[in-house]
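Structure data follow from query27.pdb (PDB, C-alpha atoms):
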ATOM      1  CA  ILE A   1     134.744 148.924  96.504
ATOM      2  CA  ILE A   2     138.241 148.251  95.089
ATOM      3  CA  PHE A   3     139.079 147.189  91.597
ATOM      4  CA  SER A   4     142.154 147.162  89.362
ATOM      5  CA  ALA A   5     142.101 148.721  85.904
ATOM      6  CA  ILE A   6     143.755 151.109  83.497
ATOM      7  CA  PHE A   7     141.615 153.937  84.693
ATOM      8  CA  PHE A   8     140.923 157.417  83.406
ATOM      9  CA  TYR A   9     138.683 158.969  86.019
ATOM     10  CA  ALA A  10     135.892 160.947  84.370
ATOM     11  CA  ILE A  11     132.333 161.791  85.311
ATOM     12  CA  GLU A  12     129.518 163.497  83.494
ATOM     13  CA  LYS A  13     129.787 166.739  85.496
ATOM     14  CA  GLN A  14     132.016 169.584  84.432
ATOM     15  CA  ASN A  15     135.568 169.509  85.786
ATOM     16  CA  THR A  16     135.834 171.222  89.194
ATOM     17  CA  SER A  17     138.643 172.043  91.597
ATOM     18  CA  TYR A  18     137.924 168.934  93.651
ATOM     19  CA  GLN A  19     137.969 166.320  90.884
ATOM     20  CA  ASN A  20     141.249 164.918  89.589
ATOM     21  CA  TYR A  21     141.158 163.990  85.897
ATOM     22  CA  THR A  22     144.630 162.476  85.976
ATOM     23  CA  GLN A  23     145.518 159.288  84.132
ATOM     24  CA  ILE A  24     145.781 156.462  86.672
ATOM     25  CA  SER A  25     148.020 153.602  85.551
ATOM     26  CA  GLU A  26     147.161 149.905  85.704
ATOM     27  CA  ASP A  27     149.218 149.281  88.852
ATOM     28  CA  TYR A  28     146.848 151.414  90.932
ATOM     29  CA  GLU A  29     143.619 150.194  92.528
ATOM     30  CA  ILE A  30     140.601 152.463  92.911
ATOM     31  CA  SER A  31     138.831 152.608  96.277
ATOM     32  CA  SER A  32     135.802 154.717  97.231
ATOM     33  CA  GLY A  33     134.042 155.761 100.432
ATOM     34  CA  TRP A  34     136.975 157.259 102.331
ATOM     35  CA  THR A  35     136.837 160.026 104.935
ATOM     36  CA  ILE A  36     139.753 162.472 104.836
ATOM     37  CA  THR A  37     140.873 164.371 107.935
ATOM     38  CA  SER A  38     144.197 165.877 109.019
ATOM     39  CA  TYR A  39     146.661 165.840 111.891
ATOM     40  CA  GLN A  40     149.472 168.143 112.932
ATOM     41  CA  ILE A  41     152.299 169.000 115.292
ATOM     42  CA  VAL A  42     150.261 170.312 118.239
ATOM     43  CA  ASP A  43     151.619 173.712 119.382
ATOM     44  CA  GLU A  44     151.330 174.330 123.126
ATOM     45  CA  LYS A  45     151.087 178.113 122.698
ATOM     46  CA  PHE A  46     147.491 177.733 121.441
ATOM     47  CA  TYR A  47     146.306 175.804 124.532
ATOM     48  CA  ASN A  48     145.290 176.455 128.127
ATOM     49  CA  GLY A  49     144.834 174.363 131.241
ATOM     50  CA  LYS A  50     146.706 173.560 134.410
ATOM     51  CA  LYS A  51     150.302 172.456 133.895
ATOM     52  CA  ILE A  52     150.732 168.762 134.556
ATOM     53  CA  GLU A  53     153.968 166.833 135.060
ATOM     54  CA  VAL A  54     154.502 164.008 132.592
ATOM     55  CA  PHE A  55     156.916 161.085 132.617
ATOM     56  CA  ASP A  56     158.519 158.609 130.248
ATOM     57  CA  ARG A  57     158.055 154.841 130.594
ATOM     58  CA  TYR A  58     161.033 154.656 132.968
ATOM     59  CA  GLY A  59     159.561 157.174 135.410
ATOM     60  CA  ASN A  60     161.780 160.077 134.373
ATOM     61  CA  SER A  61     160.129 163.497 134.516
ATOM     62  CA  LEU A  62     159.756 165.254 131.155
ATOM     63  CA  GLY A  63     158.488 168.526 132.630
ATOM     64  CA  PHE A  64     155.182 170.321 133.160
ATOM     65  CA  TYR A  65     152.828 171.123 130.252
ATOM     66  CA  LYS A  66     149.301 172.470 129.770
ATOM     67  CA  SER A  67     146.569 169.875 130.255
ATOM     68  CA  ASP A  68     144.629 170.849 127.104
ATOM     69  CA  PHE A  69     147.830 170.569 125.076
ATOM     70  CA  LEU A  70     148.576 167.109 126.462
ATOM     71  CA  LYS A  71     145.044 165.970 125.682
ATOM     72  CA  GLN A  72     145.477 166.959 122.026
ATOM     73  CA  VAL A  73     148.927 165.339 121.819
ATOM     74  CA  LYS A  74     147.281 162.024 122.762
ATOM     75  CA  ILE A  75     145.129 162.403 119.630
ATOM     76  CA  ASP A  76     147.609 163.788 117.086
ATOM     77  CA  GLY A  77     150.619 161.916 118.469
ATOM     78  CA  PHE A  78     153.157 164.670 119.126
ATOM     79  CA  GLY A  79     153.547 168.330 119.943
ATOM     80  CA  LYS A  80     155.855 171.331 120.238
ATOM     81  CA  VAL A  81     156.215 172.689 123.792
ATOM     82  CA  GLU A  82     156.672 176.302 124.914
ATOM     83  CA  ASP A  83     159.597 175.427 127.176
ATOM     84  CA  ILE A  84     162.655 177.032 125.532
ATOM     85  CA  GLN A  85     164.941 174.283 126.846
ATOM     86  CA  ASN A  86     163.012 171.703 124.810
ATOM     87  CA  SER A  87     161.932 173.919 121.893
ATOM     88  CA  LYS A  88     163.874 171.858 119.333
ATOM     89  CA  ARG A  89     162.380 168.536 120.422
ATOM     90  CA  TYR A  90     158.914 167.040 120.041
ATOM     91  CA  LEU A  91     156.869 165.544 122.847
ATOM     92  CA  HIS A  92     155.381 162.245 121.644
ATOM     93  CA  TYR A  93     152.598 160.313 123.331
ATOM     94  CA  ASP A  94     153.740 156.738 124.017
ATOM     95  CA  TYR A  95     151.089 154.589 122.318
ATOM     96  CA  ASN A  96     152.979 151.435 123.245
ATOM     97  CA  VAL A  97     152.198 152.131 126.907
ATOM     98  CA  ASP A  98     148.934 154.013 126.186
ATOM     99  CA  ASP A  99     148.057 154.766 129.808
ATOM    100  CA  GLY A 100     147.131 158.410 129.188
ATOM    101  CA  LYS A 101     150.180 159.800 130.966
ATOM    102  CA  THR A 102     153.364 158.410 129.404
ATOM    103  CA  TYR A 103     155.325 160.388 126.804
ATOM    104  CA  TYR A 104     158.809 160.561 125.288
ATOM    105  CA  TRP A 105     161.050 163.051 123.496
ATOM    106  CA  ALA A 106     162.120 162.771 119.856
ATOM    107  CA  ASP A 107     164.076 165.062 117.548
ATOM    108  CA  LYS A 108     161.465 164.736 114.776
ATOM    109  CA  PRO A 109     157.768 163.912 114.411
ATOM    110  CA  PHE A 110     157.757 160.141 113.911
ATOM    111  CA  GLY A 111     155.149 157.824 112.426
ATOM    112  CA  ALA A 112     154.230 154.300 113.472
ATOM    113  CA  TYR A 113     157.176 152.849 111.539
ATOM    114  CA  ARG A 114     159.729 155.105 113.301
ATOM    115  CA  ASN A 115     160.014 157.148 110.122
ATOM    116  CA  GLU A 116     160.076 160.935 109.959
ATOM    117  CA  LEU A 117     156.708 162.279 108.798
ATOM    118  CA  ILE A 118     156.690 164.604 105.774
ATOM    119  CA  PRO A 119     154.201 167.538 105.654
ATOM    120  CA  TRP A 120     151.725 167.744 102.784
ATOM    121  CA  THR A 121     153.416 170.724 101.095
ATOM    122  CA  ARG A 122     156.719 168.833 100.594
ATOM    123  CA  ASP A 123     157.684 165.956  98.296
ATOM    124  CA  LYS A 124     156.418 162.496  99.279
ATOM    125  CA  PRO A 125     154.002 163.729 101.962
ATOM    126  CA  SER A 126     152.799 161.402 104.716
ATOM    127  CA  VAL A 127     149.347 160.131 105.652
ATOM    128  CA  ALA A 128     147.982 157.843 108.353
ATOM    129  CA  VAL A 129     145.566 155.189 107.092
ATOM    130  CA  ASN A 130     142.841 153.088 108.714
ATOM    131  CA  PRO A 131     142.580 150.163 108.129
ATOM    132  CA  PRO A 132     146.386 150.223 107.802
ATOM    133  CA  LEU A 133     147.979 149.900 104.375
ATOM    134  CA  PRO A 134     151.554 148.599 103.968
ATOM    135  CA  HIS A 135     154.215 151.187 104.795
ATOM    136  CA  GLY A 136     155.140 153.132 101.665
ATOM    137  CA  THR A 137     151.886 152.499  99.798
ATOM    138  CA  LYS A 138     151.241 155.349  97.353
ATOM    139  CA  ILE A 139     147.898 157.151  97.461
ATOM    140  CA  LYS A 140     146.399 159.598  94.978
ATOM    141  CA  PHE A 141     143.141 161.447  95.576
ATOM    142  CA  VAL A 142     140.955 160.879  92.535
ATOM    143  CA  ASP A 143     137.697 162.543  93.609
ATOM    144  CA  LEU A 144     137.678 164.718  96.742
ATOM    145  CA  GLY A 145     133.892 164.580  97.084
ATOM    146  CA  LYS A 146     131.377 167.361  97.615
ATOM    147  CA  ASP A 147     132.827 168.465 100.967
ATOM    148  CA  ALA A 148     135.858 169.772  99.079
ATOM    149  CA  GLU A 149     133.676 172.627  97.851
ATOM    150  CA  ASN A 150     134.222 174.149 101.310
ATOM    151  CA  ASN A 151     138.023 174.105 100.966
ATOM    152  CA  PRO A 152     140.151 176.968  99.658
ATOM    153  CA  GLU A 153     141.354 176.203  96.141
ATOM    154  CA  TRP A 154     145.009 175.925  97.224
ATOM    155  CA  ILE A 155     144.122 173.012  99.525
ATOM    156  CA  ASN A 156     142.288 171.105  96.797
ATOM    157  CA  GLU A 157     145.217 171.769  94.464
ATOM    158  CA  ILE A 158     147.644 170.139  96.915
ATOM    159  CA  LEU A 159     145.397 167.144  97.460
ATOM    160  CA  LYS A 160     144.652 166.450  93.803
ATOM    161  CA  THR A 161     148.224 166.906  92.508
ATOM    162  CA  LYS A 162     150.374 165.210  95.171
ATOM    163  CA  THR A 163     151.176 161.534  95.622
ATOM    164  CA  PHE A 164     150.891 160.683  99.329
ATOM    165  CA  TYR A 165     152.579 157.851 101.211
ATOM    166  CA  ALA A 166     151.184 155.566 103.923
ATOM    167  CA  ASP A 167     153.719 156.422 106.626
ATOM    168  CA  ASP A 168     151.548 156.139 109.719
ATOM    169  CA  VAL A 169     148.507 154.427 111.256
ATOM    170  CA  PHE A 170     145.687 155.448 113.555
ATOM    171  CA  HIS A 171     146.153 154.558 117.200
ATOM    172  CA  SER A 172     143.788 154.743 120.174
ATOM    173  CA  TYR A 173     141.040 156.913 118.767
ATOM    174  CA  TYR A 174     139.905 154.989 115.677
ATOM    175  CA  HIS A 175     139.120 151.312 115.401
ATOM    176  CA  GLY A 176     137.358 148.871 113.150
ATOM    177  CA  ASN A 177     137.079 148.984 109.390
ATOM    178  CA  GLU A 178     136.208 152.655 108.931
ATOM    179  CA  LYS A 179     138.066 153.850 105.830
ATOM    180  CA  ARG A 180     139.881 156.965 106.967
ATOM    181  CA  ILE A 181     142.985 158.903 105.913
ATOM    182  CA  ASP A 182     144.692 161.534 108.069
ATOM    183  CA  VAL A 183     146.822 163.965 106.026
ATOM    184  CA  TYR A 184     149.883 165.191 107.936
ATOM    185  CA  VAL A 185     149.919 169.012 107.631
ATOM    186  CA  GLY A 186     152.934 169.920 109.794
ATOM    187  CA  LEU A 187     153.014 172.507 112.592
ATOM    188  CA  GLN A 188     149.688 173.781 113.937
ATOM    189  CA  LYS A 189     149.037 177.365 112.773
ATOM    190  CA  SER A 190     145.972 178.372 114.819
ATOM    191  CA  LYS A 191     143.824 177.237 117.729
ATOM    192  CA  ASP A 192     140.986 175.974 115.517
ATOM    193  CA  GLY A 193     143.324 174.430 112.953
ATOM    194  CA  GLY A 194     142.315 176.868 110.204
ATOM    195  CA  PRO A 195     141.712 175.667 106.635
ATOM    196  CA  GLU A 196     144.231 172.857 107.197
ATOM    197  CA  SER A 197     141.694 171.172 109.483
ATOM    198  CA  LEU A 198     140.224 168.831 106.882
ATOM    199  CA  LEU A 199     136.944 166.932 106.794
ATOM    200  CA  MET A 200     135.906 165.375 103.478
ATOM    201  CA  ARG A 201     133.604 162.388 103.096
ATOM    202  CA  ASN A 202     132.952 159.955 100.252
ATOM    203  CA  VAL A 203     136.387 160.505  98.747
ATOM    204  CA  THR A 204     137.751 158.218  96.025
ATOM    205  CA  ILE A 205     141.440 157.317  96.030
ATOM    206  CA  ALA A 206     143.927 155.347  93.931
ATOM    207  CA  ILE A 207     146.255 152.929  95.741
ATOM    208  CA  LYS A 208     149.618 151.542  94.593
ATOM    209  CA  TYR A 209     151.190 148.934  96.858
ATOM    210  CA  PRO A 210     154.968 148.692  97.403
ATOM    211  CA  LYS A 211     156.743 146.291  95.051
ATOM    212  CA  ASN A 212     158.515 144.466  97.877
ATOM    213  CA  LEU A 213     155.340 142.926  99.274
ATOM    214  CA  GLY A 214     155.643 139.187  99.283
TER     215      GLY A 214
END
Re-express the file's structure as structure tokens.
Amino acid sequence: IIFSAIFFYAIEKQNTSYQNYTQISEDYEISSGWTITSYQIVDEKFYNGKKIEVFDRYGNSLGFYKSDFLKQVKIDGFGKVEDIQNSKRYLHYDYNVDDGKTYYWADKPFGAYRNELIPWTRDKPSVAVNPPLPHGTKIKFVDLGKDAENNPEWINEILKTKTFYADDVFHSYYHGNEKRIDVYVGLQKSKDGGPESLLMRNVTIAIKYPKNLG
């Protein structure tokens, strides 16, 4: 449900670490029922599997990388390889070809709009949104839902105090009208994703569309 209003979000429960009691101005819309997950720069050092040769869309070899790593790159979008020669570049899955085996190199992790993605701990952090919102749409988390009780406090603090930006979209693995936001958390820190591996349901957000929409 989405509606526009000058909105001060308050509920009858006591204030908790996962509820944001911030004043929301009239140019934001409130939307409920979102699922919040996260995505990252996949780090090959945490993965196993036989090394497989991959190619770009022109048939050029990009090297050999672990199969489990490549599988995860198809989901998250990009990864950091162990190969020292390419340690300062990021291997991106080519969603425009989307044949399960075509990749390309880039100097930065890029979103769907060819923009550099910003991790959640920095200013103007990036999220991917399904169904897509216009590039640059601002998003605030108003109520993180009950699943946030399982998060460390520092994670809830980031989510409830930052303004996030719609800088990316979901690709092959999510379709339809499911309301889902993927928070970009930067470089993978552990095999299981650690506390940065988010899953929160029934989240309420505030949305502010870019002014240049016509």
Residue neighbourhood region 31-33 of chain A, 10 Å, all atoms listed in the file, exclusion window fewer than 3 positions, as a list in words =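 In the requested format, the answer is Ile1, Ile2, Phe3, Ser4, Tyr28, Ile36, Phe141, Val142, Asp143, Gly145, Glu178, Lys179, Arg180, Arg201, Asn202, Val203, Thr204, Ile205, Ala206 and Ile207 of chain A.
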For this structure, which residues satisfy the selection - the PyMOL selection byres ((chain A and resi 127) around 8) - when it is evaluated on the file as given? I want them as a short mmCIF file (atom, residue, chain, number, x, y, z; two decimals) with C-alpha atoms, in the frame of the given file.
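That gives us result23.cif:
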data_model
loop_
_atom_site.label_atom_id
_atom_site.label_comp_id
_atom_site.auth_asym_id
_atom_site.auth_seq_id
_atom_site.Cartn_x
_atom_site.Cartn_y
_atom_site.Cartn_z
CA PRO A 125 154.00 163.73 101.96
CA SER A 126 152.80 161.40 104.72
CA ALA A 128 147.98 157.84 108.35
CA VAL A 129 145.57 155.19 107.09
CA PHE A 164 150.89 160.68 99.33
CA TYR A 165 152.58 157.85 101.21
CA ALA A 166 151.18 155.57 103.92
CA ASP A 167 153.72 156.42 106.63
CA ASP A 168 151.55 156.14 109.72
CA ILE A 181 142.99 158.90 105.91
CA ASP A 182 144.69 161.53 108.07
CA VAL A 183 146.82 163.96 106.03
CA TYR A 184 149.88 165.19 107.94
#
ask   = Counting only C-alpha atoms, which of A:Thr137, A:Asn115, A:Ser190, A:Asn150 gets nearest to Tyr209 (chain A)?
value = A:Thr137
inquiry  = When you count only C-alpha atoms, which of these residues is closest to Ser61 (chain A): A:Arg114, A:Lys211, A:Lys88, A:Lys101?
reply    =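 Nearest candidate to Ser61 (chain A) out of A:Arg114, A:Lys211, A:Lys88, A:Lys101: A:Lys101.
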key: Proximity to Gly77 (chain A) - best of A:Thr163, A:Gln40, A:Asn151, A:Asn60, all atoms listed in the file   =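 Nearest candidate to Gly77 (chain A) out of A:Thr163, A:Gln40, A:Asn151, A:Asn60: A:Gln40.
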request  = Between CA of Tyr104 (chain A) and CA of Lys50 (chain A), measure the distance and give it in Å to one decimal.
outcome  =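 Atom-to-atom, CA of Tyr104 (chain A) to CA of Lys50 (chain A), that is 20.0 Å.
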task = Determine, counting only C-alpha atoms, which protein, DNA and RNA residues have an atom within 10 Å of an atom of Lys74 (chain A); residues of the same chain fewer than 3 positions away are not included. Present the result as number ranges by chain.
result = A: 42, 69-71, 77-79, 92-95, 98, 100-103, 171-173
message = Measuring between all atoms listed in the file, which one of A:Asp147, A:Lys45, A:Lys80, A:Leu62 shows the shortest distance to Leu198 (chain A)?
response =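 Checking each of A:Asp147, A:Lys45, A:Lys80, A:Leu62 against Leu198 (chain A), counting all atoms listed in the file, the winner is A:Asp147.
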ask   = Can you tell me how far CA of Trp105 (chain A) sits from CA of Leu91 (chain A), in Å to one decimal?
value =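 Interatomic distance here is 4.9 Å.
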Distance in Å - CA of Ile118 (chain A) versus CA of Ile84 (chain A) =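 Going from CA of Ile118 (chain A) over to CA of Ile84 (chain A) covers 24.1 Å.
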note = If you count only C-alpha atoms, the residue of A:Gln72, A:Asn212, A:Gly63, A:Ser197 closest to Gln85 (chain A) turns out to be A:Gly63
ask   = Of the residues A:Asp107, A:Glu116, A:Asp123, A:Glu196, which is the one nearest to Glu153 (chain A), using only C-alpha atoms?
value = A:Glu196
message = Which residues would end up in the selection if the PyMOL selection byres ((chain A and resi 186) around 8) were applied here, given that I need the answer as a PyMOL selection string?
response = chain A and resi 39-41+118-120+184-185+187-188
Please report, as AutoDock Vina command-line options, the centre and edge lengths in Å to one decimal of an axis-aligned box covering all listed atoms of region 30-36 of chain A with 3 Å per side.
--center_x 137.3 --center_y 157.5 --center_z 98.9 --size_x 12.6 --size_y 16.0 --size_z 18.0
message = Starting from the PyMOL selection byres ((chain A and resi 49) around 9), expand the selection into actual residues of this file and give them as a PyMOL selection string.
response = chain A and resi 47-48+50-52+65-69
